[in-house]
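Read the structure below first, then the notes.
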Amino acid sequence: MTAPVIEKDALIAAAQRNEPGAVDAPIREVIMPLAWRFCRRYAGGRAPDPAADLDDMVQLVVLAVVGALPSYRTDGGAFEAFVAGIARHKAADAFRGAARNRSVPVADFPEQADRSAGPELSALQAERAALAKRLIATLPERQQQILTLRLIHQLSAAETGAALGMTEGAVRVAQHRALTALRARLAEGT
């Protein structure tokens, strides 16, 4: 329902001269239909976000076109191109704003802070575990077995002694000697 070219140009010219009541007709008959057409095209069937739907975008375009009417020149340029340019910019602004303000829904907040090891602490623990494994590998086999059973598998001295055929006291003495050897190697840097 676009107005004929001559009538459309006359309506736009009257609105540009700021004649009383001359803006309503161009908005209703020319600007609004063009704004709808271009906004639907630039939105591509998708609203930039639920808060800024197509109606809002059209309203922004109409306001921008009416505000820019005094600067519009009819030097062979079509009014449709003028409105299309404004609609394209307003659509781009709406999509940029929606991308900037996009919120990410989060599940319920936990009752307390997460105290689990972060990536830095996990890496440090892995590095220390690898160093401990290399140092333990330098010990005699019996001491390796004792430290593995006592520290990794967390068996008691009696359980370790039963598994290795040793007394509880002998396990404690061998564990002490193994840990002393490990401290010395760690201090040496070997």
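Residues are named by chain letter and number: chains run A, B, ... in the order of the structure tokens, numbers start at 1 in each chain, and ligands are numbered from 1 in the order shown.
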
* Asked: If we count only C-alpha atoms, what is near region 136-151 of chain A at a cut-off of 10 Å, once residues fewer than 3 positions away on the same chain are taken out, given as a PyMOL selection string?
  -> chain A and resi 130-133+154-157+159-161+163-164+171-172+174-179+181-182+185+190

* Which of A:Tyr42, A:Ala123, A:Ala129, A:Leu54 sits closest to His89 (chain A) [using only C-alpha atoms] ->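 Closest to His89 (chain A), using only C-alpha atoms: A:Tyr42.
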
* Asked: What residues in region 1-180 of chain A get the DSSP label helix (DSSP H, G or I)? Please answer as an NGL selection string.
  -> :A and (5-16 or 24-43 or 54-71 or 79-100 or 119-136 or 141-152 or 157-164 or 168-180)
